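J.: So I've got this file, model.cif, and it contains mmCIF, C-alpha atoms:
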```
data_run
#
loop_
_atom_site.group_PDB
_atom_site.id
_atom_site.type_symbol
_atom_site.label_atom_id
_atom_site.label_comp_id
_atom_site.auth_asym_id
_atom_site.auth_seq_id
_atom_site.Cartn_x
_atom_site.Cartn_y
_atom_site.Cartn_z
ATOM 1 C CA MET H 1 -3.945 -20.498 -2.511
ATOM 2 C CA LEU H 2 -5.402 -17.063 -3.289
ATOM 3 C CA THR H 3 -4.233 -14.789 -6.104
ATOM 4 C CA HIS H 4 -4.208 -10.997 -5.875
ATOM 5 C CA PRO H 5 -7.352 -9.743 -7.653
ATOM 6 C CA VAL H 6 -6.399 -6.064 -8.091
ATOM 7 C CA LYS H 7 -4.126 -4.502 -10.709
ATOM 8 C CA PRO H 8 -1.524 -2.006 -9.511
ATOM 9 C CA ILE H 9 -2.305 1.690 -9.773
ATOM 10 C CA PHE H 10 0.411 3.739 -11.470
ATOM 11 C CA ASP H 11 1.198 5.899 -14.470
ATOM 12 C CA LYS H 12 4.339 7.349 -16.055
ATOM 13 C CA ASN H 13 4.339 10.219 -13.514
ATOM 14 C CA SER H 14 4.334 7.979 -10.425
ATOM 15 C CA LYS H 15 7.329 8.679 -8.190
ATOM 16 C CA THR H 16 6.459 7.038 -4.871
ATOM 17 C CA LEU H 17 5.264 3.445 -4.504
ATOM 18 C CA ILE H 18 3.255 2.330 -1.474
ATOM 19 C CA LEU H 19 3.005 -1.415 -0.895
ATOM 20 C CA GLY H 20 0.666 -3.300 1.411
ATOM 21 C CA THR H 21 0.743 -7.051 2.009
ATOM 22 C CA PHE H 22 -2.311 -8.704 0.393
ATOM 23 C CA PRO H 23 -5.939 -7.589 0.055
ATOM 24 C CA SER H 24 -8.257 -8.238 2.995
ATOM 25 C CA VAL H 25 -11.454 -10.259 2.584
ATOM 26 C CA LYS H 26 -13.408 -7.011 2.062
ATOM 27 C CA SER H 27 -10.847 -5.670 -0.422
ATOM 28 C CA ARG H 28 -11.022 -8.942 -2.355
ATOM 29 C CA GLU H 29 -14.835 -8.652 -2.391
ATOM 30 C CA VAL H 30 -14.768 -5.122 -3.820
ATOM 31 C CA CYS H 31 -11.666 -5.858 -5.966
ATOM 32 C CA PHE H 32 -9.856 -2.748 -4.813
ATOM 33 C CA PHE H 33 -7.222 -1.668 -2.308
ATOM 34 C CA TYR H 34 -8.148 -0.986 1.320
ATOM 35 C CA GLY H 35 -11.813 -1.797 0.801
ATOM 36 C CA HIS H 36 -12.763 -2.199 4.452
ATOM 37 C CA PRO H 37 -14.277 1.057 5.746
ATOM 38 C CA GLN H 38 -12.420 0.676 9.069
ATOM 39 C CA ASN H 39 -9.039 0.701 7.337
ATOM 40 C CA ARG H 40 -7.703 4.230 7.599
ATOM 41 C CA PHE H 41 -5.593 4.193 4.416
ATOM 42 C CA TRP H 42 -7.841 6.404 2.267
ATOM 43 C CA ARG H 43 -8.492 8.905 5.056
ATOM 44 C CA VAL H 44 -4.762 9.136 5.817
ATOM 45 C CA MET H 45 -3.865 9.548 2.140
ATOM 46 C CA ALA H 46 -6.501 12.262 1.736
ATOM 47 C CA ARG H 47 -5.141 14.118 4.756
ATOM 48 C CA ILE H 48 -1.504 13.988 3.698
ATOM 49 C CA CYS H 49 -2.474 15.093 0.160
ATOM 50 C CA ASN H 50 -4.732 17.896 1.429
ATOM 51 C CA SER H 51 -7.732 16.380 -0.287
ATOM 52 C CA ARG H 52 -11.184 15.178 0.668
ATOM 53 C CA THR H 53 -11.539 11.474 1.423
ATOM 54 C CA PRO H 54 -12.268 9.617 -1.807
ATOM 55 C CA GLU H 55 -15.269 7.318 -1.891
ATOM 56 C CA SER H 56 -15.460 5.689 -5.312
ATOM 57 C CA ILE H 57 -12.771 3.566 -6.928
ATOM 58 C CA GLU H 58 -12.371 6.295 -9.550
ATOM 59 C CA GLU H 59 -11.830 8.965 -6.856
ATOM 60 C CA LYS H 60 -9.347 6.725 -5.023
ATOM 61 C CA THR H 61 -7.429 6.036 -8.227
ATOM 62 C CA ASN H 62 -7.373 9.756 -9.045
ATOM 63 C CA LEU H 63 -6.056 10.601 -5.562
ATOM 64 C CA ILE H 64 -3.152 8.185 -6.038
ATOM 65 C CA LEU H 65 -2.273 9.242 -9.583
ATOM 66 C CA SER H 66 -2.777 12.995 -9.170
ATOM 67 C CA ASN H 67 -0.268 12.966 -6.307
ATOM 68 C CA ASN H 68 2.329 10.924 -8.257
ATOM 69 C CA PHE H 69 1.904 7.772 -6.201
ATOM 70 C CA ALA H 70 1.765 4.149 -7.266
ATOM 71 C CA LEU H 71 -0.080 1.553 -5.197
ATOM 72 C CA TRP H 72 0.195 -2.228 -5.028
ATOM 73 C CA ASP H 73 0.954 -5.078 -2.641
ATOM 74 C CA VAL H 74 4.017 -7.201 -1.971
ATOM 75 C CA ILE H 75 2.165 -10.492 -2.503
ATOM 76 C CA HIS H 76 0.898 -11.912 -5.794
ATOM 77 C CA SER H 77 -0.479 -15.089 -4.230
ATOM 78 C CA CYS H 78 -0.458 -16.811 -0.860
ATOM 79 C CA GLU H 79 -2.396 -18.845 1.654
ATOM 80 C CA ILE H 80 -4.165 -16.645 4.189
ATOM 81 C CA GLU H 81 -6.865 -17.143 6.801
ATOM 82 C CA GLY H 82 -9.448 -14.401 6.378
ATOM 83 C CA SER H 83 -7.618 -11.069 6.476
ATOM 84 C CA SER H 84 -4.958 -12.040 9.016
ATOM 85 C CA ASP H 85 -1.472 -11.005 7.899
ATOM 86 C CA SER H 86 -0.028 -13.230 10.615
ATOM 87 C CA SER H 87 -1.516 -16.306 8.883
ATOM 88 C CA ILE H 88 0.153 -15.620 5.510
ATOM 89 C CA LYS H 89 2.238 -18.472 4.122
ATOM 90 C CA ASN H 90 3.481 -19.876 0.798
ATOM 91 C CA VAL H 91 4.097 -16.403 -0.592
ATOM 92 C CA VAL H 92 4.664 -15.647 -4.252
ATOM 93 C CA PRO H 93 5.689 -11.972 -4.521
ATOM 94 C CA ASN H 94 4.452 -9.466 -7.092
ATOM 95 C CA ASP H 95 6.890 -8.372 -9.801
ATOM 96 C CA ILE H 96 7.497 -4.779 -8.709
ATOM 97 C CA GLY H 97 9.791 -4.373 -11.713
ATOM 98 C CA ILE H 98 6.661 -3.915 -13.850
ATOM 99 C CA ILE H 99 6.029 -0.611 -12.071
ATOM 100 C CA LEU H 100 9.663 0.465 -11.916
ATOM 101 C CA LYS H 101 10.116 0.061 -15.701
ATOM 102 C CA GLU H 102 7.156 2.281 -16.580
ATOM 103 C CA THR H 103 7.387 5.004 -13.917
ATOM 104 C CA GLN H 104 9.741 7.425 -12.209
ATOM 105 C CA VAL H 105 9.411 5.576 -8.875
ATOM 106 C CA ASP H 106 12.529 6.036 -6.784
ATOM 107 C CA ARG H 107 11.052 5.598 -3.304
ATOM 108 C CA ILE H 108 9.136 2.665 -1.891
ATOM 109 C CA PHE H 109 7.115 2.704 1.316
ATOM 110 C CA VAL H 110 5.540 -0.293 3.028
ATOM 111 C CA ASN H 111 2.264 -0.114 4.951
ATOM 112 C CA GLY H 112 2.938 -2.110 8.121
ATOM 113 C CA LYS H 113 5.489 -4.493 9.628
ATOM 114 C CA LYS H 114 4.322 -7.565 7.705
ATOM 115 C CA ALA H 115 4.631 -5.744 4.376
ATOM 116 C CA GLU H 116 8.092 -4.611 5.455
ATOM 117 C CA SER H 117 9.293 -8.106 6.388
ATOM 118 C CA LEU H 118 7.870 -9.667 3.214
ATOM 119 C CA TYR H 119 9.372 -6.920 1.058
ATOM 120 C CA LYS H 120 12.800 -7.468 2.626
ATOM 121 C CA LYS H 121 12.515 -11.237 2.206
ATOM 122 C CA TYR H 122 11.191 -11.432 -1.349
ATOM 123 C CA ILE H 123 11.751 -8.184 -3.249
ATOM 124 C CA GLU H 124 14.448 -5.856 -1.901
ATOM 125 C CA LYS H 125 17.456 -7.889 -3.046
ATOM 126 C CA ASN H 126 16.050 -8.165 -6.580
ATOM 127 C CA ILE H 127 15.419 -4.470 -7.152
ATOM 128 C CA GLY H 128 17.975 -2.862 -4.845
ATOM 129 C CA ILE H 129 15.682 -0.274 -3.283
ATOM 130 C CA LYS H 130 15.225 -0.265 0.477
ATOM 131 C CA ALA H 131 11.633 0.276 1.542
ATOM 132 C CA ILE H 132 10.711 2.833 4.178
ATOM 133 C CA TYR H 133 8.404 1.567 6.913
ATOM 134 C CA LEU H 134 5.074 3.261 7.599
ATOM 135 C CA PRO H 135 2.874 2.099 10.484
ATOM 136 C CA SER H 136 -0.117 0.105 9.311
ATOM 137 C CA THR H 137 -3.406 1.845 8.587
ATOM 138 C CA SER H 138 -5.241 -1.340 9.594
ATOM 139 C CA PRO H 139 -7.721 -1.009 12.462
ATOM 140 C CA ALA H 140 -5.740 -3.846 14.101
ATOM 141 C CA ASN H 141 -2.994 -1.244 14.676
ATOM 142 C CA ALA H 142 -5.017 0.407 17.438
ATOM 143 C CA SER H 143 -1.994 1.959 19.155
ATOM 144 C CA TRP H 144 -1.773 4.487 16.296
ATOM 145 C CA SER H 145 -4.614 6.999 16.084
ATOM 146 C CA GLU H 146 -5.613 8.310 12.676
ATOM 147 C CA ASP H 147 -4.137 11.718 13.590
ATOM 148 C CA LYS H 148 -0.820 10.147 14.604
ATOM 149 C CA LEU H 149 -0.739 8.009 11.435
ATOM 150 C CA ALA H 150 -1.403 10.998 9.176
ATOM 151 C CA GLU H 151 1.285 13.056 10.897
ATOM 152 C CA PHE H 152 3.884 10.257 10.683
ATOM 153 C CA TRP H 153 3.048 9.329 7.078
ATOM 154 C CA LYS H 154 3.214 12.960 5.963
ATOM 155 C CA LYS H 155 6.593 13.454 7.637
ATOM 156 C CA GLN H 156 8.033 10.269 6.102
ATOM 157 C CA ILE H 157 6.644 10.805 2.610
ATOM 158 C CA PHE H 158 6.873 14.577 2.235
ATOM 159 C CA GLY H 159 9.426 15.461 4.904
ATOM 160 C CA GLU H 160 6.906 17.711 6.658
#
```
As structure tokens, what does this structure read like?
T.:
Amino acid sequence: MLTHPVKPIFDKNSKTLILGTFPSVKSREVCFFYGHPQNRFWRVMARICNSRTPESIEEKTNLILSNNFALWDVIHSCEIEGSSDSSIKNVVPNDIGIILKETQVDRIFVNGKKAESLYKKYIEKNIGIKAIYLPSTSPANASWSEDKLAEFWKKQIFGE
């Protein structure tokens, strides 16, 4: 059983929460979200926020907070083989209420189908907010180019 090693990113101005599933092997190694360089999350976020791609943890945190986002994952602990979302079992969800109590979050997005299904199963009924699906930024989601991801994410999040 692995436990999530990264604290959520949020502040009192956060309005939009983005949830992934559980950190990949690389993300667990670097103790930060979307740590594998092939994951397109940070490039997509930079594009939709009209910013340069952040490199350091400090720059990534600033990108999230300066654009009124919050960032975390659905899972607190689970069994997982490597980084494979399809192998996840024995899930203990994160307490999203921690973020909701201290922020202005009124919209929740999920990064990928597995995050969506886990959110619906473990969290949605407890907090009463439906999550909006965003296609995964994982390189395993090869049918979505980075351009197509950025366009879709921007439209869903900002209505553009």
J.: Counting all atoms listed in the file, select every polymer residue within 10 Å of (-13.1, 6.7, 6.4) as defined in the file's coordinates, and provide the selection as a list in words.
T.: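 Checking each residue against the 10 Å limit leaves His36, Pro37, Gln38, Asn39, Arg40, Phe41, Trp42, Arg43, Val44, Ala46, Thr53, Pro54, Glu55 and Glu146 of chain H.
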J.: Considering all atoms listed in the file, return as a ChimeraX atom specification whatever protein or nucleic-acid residues lie within 10 Å of region 100-116 of chain H, sequence-local ones (same chain, fewer than 2 positions apart) excluded.
T.: /H:10-22,41,68-75,85-86,88,95-98,118-121,124,127,129-138,141,153,156-157
J.: Compile the contact shell of region 4-7 of chain H as a ChimeraX atom specification: residues with an atom at most 6 Å away, counting all atoms listed in the file, same-chain residues fewer than 3 positions apart removed.
T.: /H:31-32,76-77
J.: So how many Å separate CA of Val30 (chain H) and CA of Ser87 (chain H), to one decimal?
T.: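 Interatomic distance here is 21.5 Å.
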J.: Which residues are near Cys78 (chain H)? Cut-off 7 Å, only C-alpha atoms, ignore same chain within fewer than 3 positions. Put them as a VMD selection string.
T.: chain H and resid 1 to 3 88 to 92
J.: From the list H:Tyr122, H:Arg52, H:Glu59, H:Arg47, which residue is nearest Lys154 (chain H) when using all atoms listed in the file?
T.: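 Going through H:Tyr122, H:Arg52, H:Glu59, H:Arg47 one by one, the smallest distance to Lys154 (chain H) is for H:Arg47.
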J.: One number please: CA of Ser51 (chain H) to CA of Ser145 (chain H), in Å, one decimal.
T.: 19.1 Å
J.: So, counting all atoms listed in the file, which residue among H:Pro8, H:Ile57, H:Ser66, H:Glu81 is closest to Ser24 (chain H)?
T.: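 Selected residue with least distance to Ser24 (chain H): H:Glu81.
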J.: CA of Glu151 (chain H) and CA of Met45 (chain H) are how many Å apart?
T.: 10.7 Å
J.: Considering all atoms listed in the file, state which residue in the set H:Pro93, H:Pro23, H:Gly159, H:Gly35 is at the smallest distance from Lys60 (chain H).
T.: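 Of the candidates, the smallest distance to Lys60 (chain H) is held by H:Gly35.
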